[in-house]
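As structure tokens, the structure follows; a few thoughts come after it.
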Amino acid sequence: MACASFAKLNAASSQWIGQQSFTQRPGSSRLAAPRRVSVPIRAAAYTEELVKTAKTIASPGRGILAIDESNATCGKRLASIGLENTETNRQAYRQLLLTAPGLGEYISGAILFEETLYQSTTDGKKFVDCLHEQNIVPGIKVDKGLVPLPGSNNESWCQGLDGLASRSAEYYKQGARFAKWRTVVSIPCGPSALAVKEAAWGLARYAAISQDNGLVPIVEPEILLDGDHPIERTLEVAEKVWSEVFFYLAENNVMFEGILLKPSMVTPGAEHKERASPDNVAKYTLTMLKRRVPPAVPGIMFLSGGQSEVEATLNLNAMNQAPNPWHVSFSYARALQNTAA
């Protein structure tokens, strides 16, 4: 059963305590006062490249094409037009998308599934090279999917940290320059403090590992649309989740100038009796972002999250009617592919 109110997070996880050293003075039974030590933000040898990549993706008038569906999900798209789910057909479908004339005018980055990163066109040109020719940055999905989170309210956590460093290094060699890791938070299930903390910590570890290997991490804690809650409840949960995410990003010394965010828009639950207007969605979403996201972050690339193509477009347009501290754009999958395909 869904919890009636939002579970409080462990206070120790939500307040910045710095890098403290607790030492005992000779002859004293009490601990010495904590000593705060400055720890530099690190991104190894890739600092300048990470910043440049993030700015390229967050360039005016462009957004991200997400075609990182698993083979099974891609198979559903193929089945809808009567095609068998084979590697040849998946390659042909993705070639149709990635070689569309003028794609680079509107698309700055493309998130690929691992299979696609290593594929070529029927003429033998690597998909990565097709993207480079149109000034589109290749990206790669690196998480290994959602599994049940023990001890939670029937919630999930995202796996994939094991071996991520070596996989990221290989993806970089293949031409990828940014990464995507998706985890989810469910409002009807609480969300529990455990689920929020697990989501935030996993995203932070992934982001740090990605930057260490030259990949700009897209940070994506998707707040699912499921539920009949009002927009105010979504705002409350979104603020809590993003507060925790940025706490752990800082704890892991992630460079904010070298990340991108992929948040959900702040909307009522899908089963709520009233739909929110684009102006209202923009108001609540921008309120959340301005309260939680540092201006050092170069880009906010929204997911459509189950919204229709028209809804996602109108809501995003409403958010861009006034200047924002960050580039505000899209990272859409279905909202870009459904009608076109």
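Chain labels A, B, ... are given in the sequence in which chains occur in the structure tokens; within each chain residues are numbered consecutively from 1, and ligands are likewise numbered from 1 in the order shown.
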
(request) Just the residues within 8 Å of A:Ser70, please, counting only C-alpha atoms, with nothing from its chain fewer than 3 positions along; format it as an MDAnalysis selection string. (result) chainID A and resid 73:74 113

Suppose we keep all heavy atoms; can you now write the selection as a PDB file, in the first residue's frame?
```
ATOM      1  N   THR A  73      12.928  -3.901 -26.485  1.00  0.00           N
ATOM      2  CA  THR A  73      12.058  -2.744 -26.722  1.00  0.00           C
ATOM      3  C   THR A  73      12.063  -2.337 -28.183  1.00  0.00           C
ATOM      4  O   THR A  73      11.015  -2.008 -28.759  1.00  0.00           O
ATOM      5  CB  THR A  73      12.494  -1.562 -25.838  1.00  0.00           C
ATOM      6  OG1 THR A  73      12.446  -1.958 -24.465  1.00  0.00           O
ATOM      7  CG2 THR A  73      11.593  -0.362 -26.049  1.00  0.00           C
ATOM      8  N   CYS A  74      13.225  -2.380 -28.798  1.00  0.00           N
ATOM      9  CA  CYS A  74      13.303  -2.065 -30.222  1.00  0.00           C
ATOM     10  C   CYS A  74      12.475  -3.073 -31.025  1.00  0.00           C
ATOM     11  O   CYS A  74      11.851  -2.728 -32.041  1.00  0.00           O
ATOM     12  CB  CYS A  74      14.752  -2.082 -30.689  1.00  0.00           C
ATOM     13  SG  CYS A  74      15.007  -1.407 -32.361  1.00  0.00           S
ATOM     14  N   PHE A 113      22.320   2.477 -27.838  1.00  0.00           N
ATOM     15  CA  PHE A 113      22.446   1.196 -27.155  1.00  0.00           C
ATOM     16  C   PHE A 113      23.814   0.625 -27.526  1.00  0.00           C
ATOM     17  O   PHE A 113      24.385   0.972 -28.568  1.00  0.00           O
ATOM     18  CB  PHE A 113      21.317   0.256 -27.603  1.00  0.00           C
ATOM     19  CG  PHE A 113      21.188  -0.983 -26.778  1.00  0.00           C
ATOM     20  CD1 PHE A 113      20.932  -0.921 -25.419  1.00  0.00           C
ATOM     21  CD2 PHE A 113      21.313  -2.238 -27.360  1.00  0.00           C
ATOM     22  CE1 PHE A 113      20.800  -2.070 -24.653  1.00  0.00           C
ATOM     23  CE2 PHE A 113      21.185  -3.396 -26.610  1.00  0.00           C
ATOM     24  CZ  PHE A 113      20.925  -3.307 -25.248  1.00  0.00           C
TER      25      PHE A 113
END
```

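Using only C-alpha atoms, the residues found no farther than 6 Å from stretch 277-288 of chain A, other than those of its own chain fewer than 6 positions away, are Glu239, Met265, Val266, Thr267, Asn315, Ala318 and Met319 of chain A.
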
Include C-alpha atoms and write out the residues we just selected as a compact mmCIF listing (two decimals), in the first residue's frame.
```
# COMPACT_ATOMS: atom_id res chain seq x y z
CA GLU A 239 12.82 18.73 -4.57
CA MET A 265 8.81 17.54 -15.71
CA VAL A 266 6.79 18.39 -12.61
CA THR A 267 3.25 17.29 -13.47
CA ASN A 315 5.44 22.02 -21.82
CA ALA A 318 6.45 27.09 -22.02
CA MET A 319 9.67 26.71 -20.01
```

(request) Enumerate, as a PyMOL selection string, the complete set of residues in stretch 125-335 of chain A that a backbone-based DSSP assignment places in strand (DSSP E or B). (result) chain A and resi 126+137-141+146-148+156-158+178-185+216-223+260-261+299-302+327-332

(message) I'd like the contact shell of A:Thr121 - 12 Å cut-off, only C-alpha atoms, skipping same-chain residues fewer than 3 positions apart - returned as JSON, numbers by chain.
(response) {"A": [88, 89, 90, 91, 92, 93, 94, 95, 96, 97, 98, 99, 116, 117, 118, 124, 125, 126, 127, 128, 129, 130, 131]}

(message) Run DSSP on the backbone and tell me which residues of stretch 42-272 of chain A come out as alpha helix (DSSP H); list them as a VMD selection string.
(response) chain A and resid 47 to 57 71 to 79 87 to 98 114 to 117 127 to 133 164 to 174 193 to 212 231 to 251

Take the residues from that selection and put them in a file with C-alpha atoms, as an mmCIF file, in the first residue's frame.
```
data_model
loop_
_atom_site.group_PDB
_atom_site.id
_atom_site.type_symbol
_atom_site.label_atom_id
_atom_site.label_comp_id
_atom_site.auth_asym_id
_atom_site.auth_seq_id
_atom_site.Cartn_x
_atom_site.Cartn_y
_atom_site.Cartn_z
ATOM 1 C CA THR A 47 38.334 18.387 -17.482
ATOM 2 C CA GLU A 48 38.452 20.657 -20.534
ATOM 3 C CA GLU A 49 37.003 17.993 -22.815
ATOM 4 C CA LEU A 50 34.113 17.273 -20.446
ATOM 5 C CA VAL A 51 33.175 20.951 -20.283
ATOM 6 C CA LYS A 52 33.411 21.296 -24.075
ATOM 7 C CA THR A 53 31.297 18.174 -24.655
ATOM 8 C CA ALA A 54 28.596 19.300 -22.228
ATOM 9 C CA LYS A 55 28.437 22.749 -23.854
ATOM 10 C CA THR A 56 28.225 21.210 -27.327
ATOM 11 C CA ILE A 57 25.257 19.046 -26.319
ATOM 12 C CA ASN A 71 16.865 -5.087 -28.205
ATOM 13 C CA ALA A 72 13.558 -6.252 -26.709
ATOM 14 C CA THR A 73 12.058 -2.744 -26.722
ATOM 15 C CA CYS A 74 13.303 -2.065 -30.222
ATOM 16 C CA GLY A 75 11.658 -5.334 -31.213
ATOM 17 C CA LYS A 76 8.277 -3.924 -30.173
ATOM 18 C CA ARG A 77 8.757 -1.003 -32.551
ATOM 19 C CA LEU A 78 9.649 -3.392 -35.356
ATOM 20 C CA ALA A 79 6.686 -5.647 -34.571
ATOM 21 C CA GLU A 87 20.071 -7.353 -35.668
ATOM 22 C CA THR A 88 19.807 -6.533 -39.369
ATOM 23 C CA ASN A 89 16.391 -4.928 -38.925
ATOM 24 C CA ARG A 90 17.471 -3.047 -35.784
ATOM 25 C CA GLN A 91 20.487 -1.745 -37.679
ATOM 26 C CA ALA A 92 18.306 -0.631 -40.604
ATOM 27 C CA TYR A 93 15.866 1.157 -38.294
ATOM 28 C CA ARG A 94 18.618 3.028 -36.469
ATOM 29 C CA GLN A 95 20.344 3.870 -39.748
ATOM 30 C CA LEU A 96 17.097 5.485 -40.894
ATOM 31 C CA LEU A 97 17.181 7.728 -37.818
ATOM 32 C CA LEU A 98 20.885 8.539 -37.642
ATOM 33 C CA GLU A 114 25.732 -0.753 -26.928
ATOM 34 C CA GLU A 115 24.925 -2.736 -30.074
ATOM 35 C CA THR A 116 24.417 0.484 -32.074
ATOM 36 C CA LEU A 117 27.668 2.052 -30.896
ATOM 37 C CA PHE A 127 27.315 5.211 -37.007
ATOM 38 C CA VAL A 128 29.681 7.186 -34.782
ATOM 39 C CA ASP A 129 31.219 8.786 -37.886
ATOM 40 C CA CYS A 130 27.764 9.568 -39.293
ATOM 41 C CA LEU A 131 27.027 11.497 -36.113
ATOM 42 C CA HIS A 132 30.370 13.324 -36.086
ATOM 43 C CA GLU A 133 29.771 14.565 -39.629
ATOM 44 C CA LEU A 164 31.561 0.359 -15.251
ATOM 45 C CA ALA A 165 35.034 1.918 -15.324
ATOM 46 C CA SER A 166 36.424 -0.591 -17.823
ATOM 47 C CA ARG A 167 33.272 -0.489 -19.953
ATOM 48 C CA SER A 168 33.346 3.319 -19.987
ATOM 49 C CA ALA A 169 36.966 3.320 -21.118
ATOM 50 C CA GLU A 170 36.053 1.021 -24.013
ATOM 51 C CA TYR A 171 33.059 3.157 -24.979
ATOM 52 C CA TYR A 172 35.326 6.218 -25.036
ATOM 53 C CA LYS A 173 37.734 4.418 -27.396
ATOM 54 C CA GLN A 174 34.787 3.583 -29.653
ATOM 55 C CA ALA A 193 14.143 7.111 2.208
ATOM 56 C CA LEU A 194 16.058 3.986 1.209
ATOM 57 C CA ALA A 195 14.975 4.208 -2.432
ATOM 58 C CA VAL A 196 15.789 7.912 -2.699
ATOM 59 C CA LYS A 197 19.203 7.457 -1.110
ATOM 60 C CA GLU A 198 20.016 4.436 -3.291
ATOM 61 C CA ALA A 199 19.002 6.318 -6.437
ATOM 62 C CA ALA A 200 21.079 9.360 -5.510
ATOM 63 C CA TRP A 201 24.166 7.377 -4.475
ATOM 64 C CA GLY A 202 24.087 5.189 -7.577
ATOM 65 C CA LEU A 203 23.815 8.219 -9.853
ATOM 66 C CA ALA A 204 26.693 9.944 -8.067
ATOM 67 C CA ARG A 205 29.025 6.933 -8.296
ATOM 68 C CA TYR A 206 28.168 6.476 -11.974
ATOM 69 C CA ALA A 207 28.780 10.187 -12.639
ATOM 70 C CA ALA A 208 32.190 10.127 -10.972
ATOM 71 C CA ILE A 209 33.263 6.989 -12.851
ATOM 72 C CA SER A 210 32.044 8.418 -16.152
ATOM 73 C CA GLN A 211 33.974 11.657 -15.736
ATOM 74 C CA ASP A 212 37.113 9.748 -14.790
ATOM 75 C CA ILE A 231 1.261 18.559 -8.928
ATOM 76 C CA GLU A 232 2.216 19.931 -5.492
ATOM 77 C CA ARG A 233 3.096 16.423 -4.322
ATOM 78 C CA THR A 234 5.297 15.873 -7.370
ATOM 79 C CA LEU A 235 7.102 19.127 -6.609
ATOM 80 C CA GLU A 236 7.702 18.045 -2.999
ATOM 81 C CA VAL A 237 9.182 14.710 -4.040
ATOM 82 C CA ALA A 238 11.234 16.190 -6.895
ATOM 83 C CA GLU A 239 12.824 18.728 -4.572
ATOM 84 C CA LYS A 240 13.711 15.987 -2.071
ATOM 85 C CA VAL A 241 15.173 13.720 -4.748
ATOM 86 C CA TRP A 242 17.277 16.405 -6.432
ATOM 87 C CA SER A 243 18.505 17.693 -3.067
ATOM 88 C CA GLU A 244 19.794 14.212 -2.269
ATOM 89 C CA VAL A 245 21.260 13.751 -5.754
ATOM 90 C CA PHE A 246 23.323 16.940 -5.597
ATOM 91 C CA PHE A 247 24.457 16.154 -2.060
ATOM 92 C CA TYR A 248 25.969 12.869 -3.228
ATOM 93 C CA LEU A 249 27.319 14.334 -6.475
ATOM 94 C CA ALA A 250 29.291 16.779 -4.326
ATOM 95 C CA GLU A 251 30.370 13.999 -1.948
#
```

(message) What's the separation between atom CA of A:Lys180 and atom CA of A:Arg62, in Å to one decimal place?
(response) 17.8 Å

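Using only C-alpha atoms, the shortest contact distance between A:Ala270 and any of A:Met301, A:Ala66, A:Leu224, A:Val184 is found at A:Leu224.
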
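One distance worth recording is that between atom CA of A:Glu257 and atom CA of A:Pro298, which is 6.2 Å.
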
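With only C-alpha atoms as the basis for measurement, A:Asn153 is the residue among A:Thr122, A:Asn135, A:Thr339, A:Asn153 that approaches A:Ser186 most closely.
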